[in-house]
Amino acid sequence: ALSYDPNELASQVLARLGHDVVIQGDTIVSGSSDNTVRIWNATSGEEQHVLKGHSDIVLSVAIQGDTIVSGSSDKTVRIWNATSGEEQHV
């Protein structure tokens, strides 16, 4: 079972899925070897969005406000809307 403690939840997400995890408020963002970026609610532990667009491992993620930036081994940087999960720019 996933923890309800945000810091512990981030560690669990990283161990299960990711290469990079960032936390902002009650939002956790993870980059993964399955080429996705995932958005989690740190309070409930629920996955909110799976962001698809990269064609290789997502190595880094960052979040500021309502914007997520992800970098991948596919040599692209993508910008996403953290609320809707929609890709904004490649």
# chains A, B, ... in the order shown; residues from 1 in each chain; ligands from 1
>>> residues_around(residues="Ile28 in chain A", least_positions_apart="6", cutoff="7 Å", atoms="only C-alpha atoms", output="list in words")
Ala10, Val21, Val22, Ile39, Trp40, Asn41 and Ala42 of chain A
>>> select_by_dssp(residues="chain A", states="strand (DSSP E or B)", output="ChimeraX atom specification")
/A:18-24,27-32,36-41,47-52,58-64,67-72,77-81,87-89
>>> residues_around(residues="Ser72 in chain A", least_positions_apart="5", cutoff="7 Å", atoms="only C-alpha atoms", output="PyMOL selection string")
chain A and resi 54+56-60+77
>>> closest_residue(among="A:Ser44, A:Val69, A:Lys75, A:Val29", to="His89 in chain A", atoms="only C-alpha atoms")
A:Val69
>>> atom_distance(atom1="CA of Val90 in chain A", atom2="CA of Thr76 in chain A")
6.8 Å
>>> residues_around(residues="Asp66 in chain A", least_positions_apart="3", cutoff="9 Å", atoms="only C-alpha atoms", output="PyMOL selection string")
chain A and resi 63+80-83
>>> write_last_selection(atoms="N, CA and C atoms", output="compact mmCIF listing (two decimals), in the first residue's frame")
# COMPACT_ATOMS: atom_id res chain seq x y z
N ILE A 63 8.69 20.97 -11.71
CA ILE A 63 7.36 21.58 -11.66
C ILE A 63 7.49 22.95 -11.03
N TRP A 80 4.27 20.61 -20.03
CA TRP A 80 2.93 20.08 -19.79
C TRP A 80 2.17 20.99 -18.84
N ASN A 81 0.85 20.94 -18.91
CA ASN A 81 -0.01 21.59 -17.94
C ASN A 81 -0.25 20.61 -16.80
N ALA A 82 0.11 21.01 -15.58
CA ALA A 82 0.03 20.10 -14.43
C ALA A 82 -1.41 19.78 -14.04
N THR A 83 -2.35 20.65 -14.32
CA THR A 83 -3.75 20.43 -13.95
C THR A 83 -4.44 19.51 -14.95
>>> atom_distance(atom1="CA of Lys52 in chain A", atom2="CA of Thr36 in chain A")
5.2 Å
>>> atom_distance(atom1="CA of Ser55 in chain A", atom2="CA of Asp34 in chain A")
9.0 Å
>>> closest_residue(among="A:Asp20, A:Val50, A:Arg78, A:Gly45", to="Ser32 in chain A", atoms="only C-alpha atoms")
A:Asp20
>>> select_by_dssp(residues="range 3-89 of chain A", states="helix (DSSP H, G or I)", output="MDAnalysis selection string")
chainID A and resid 6:16
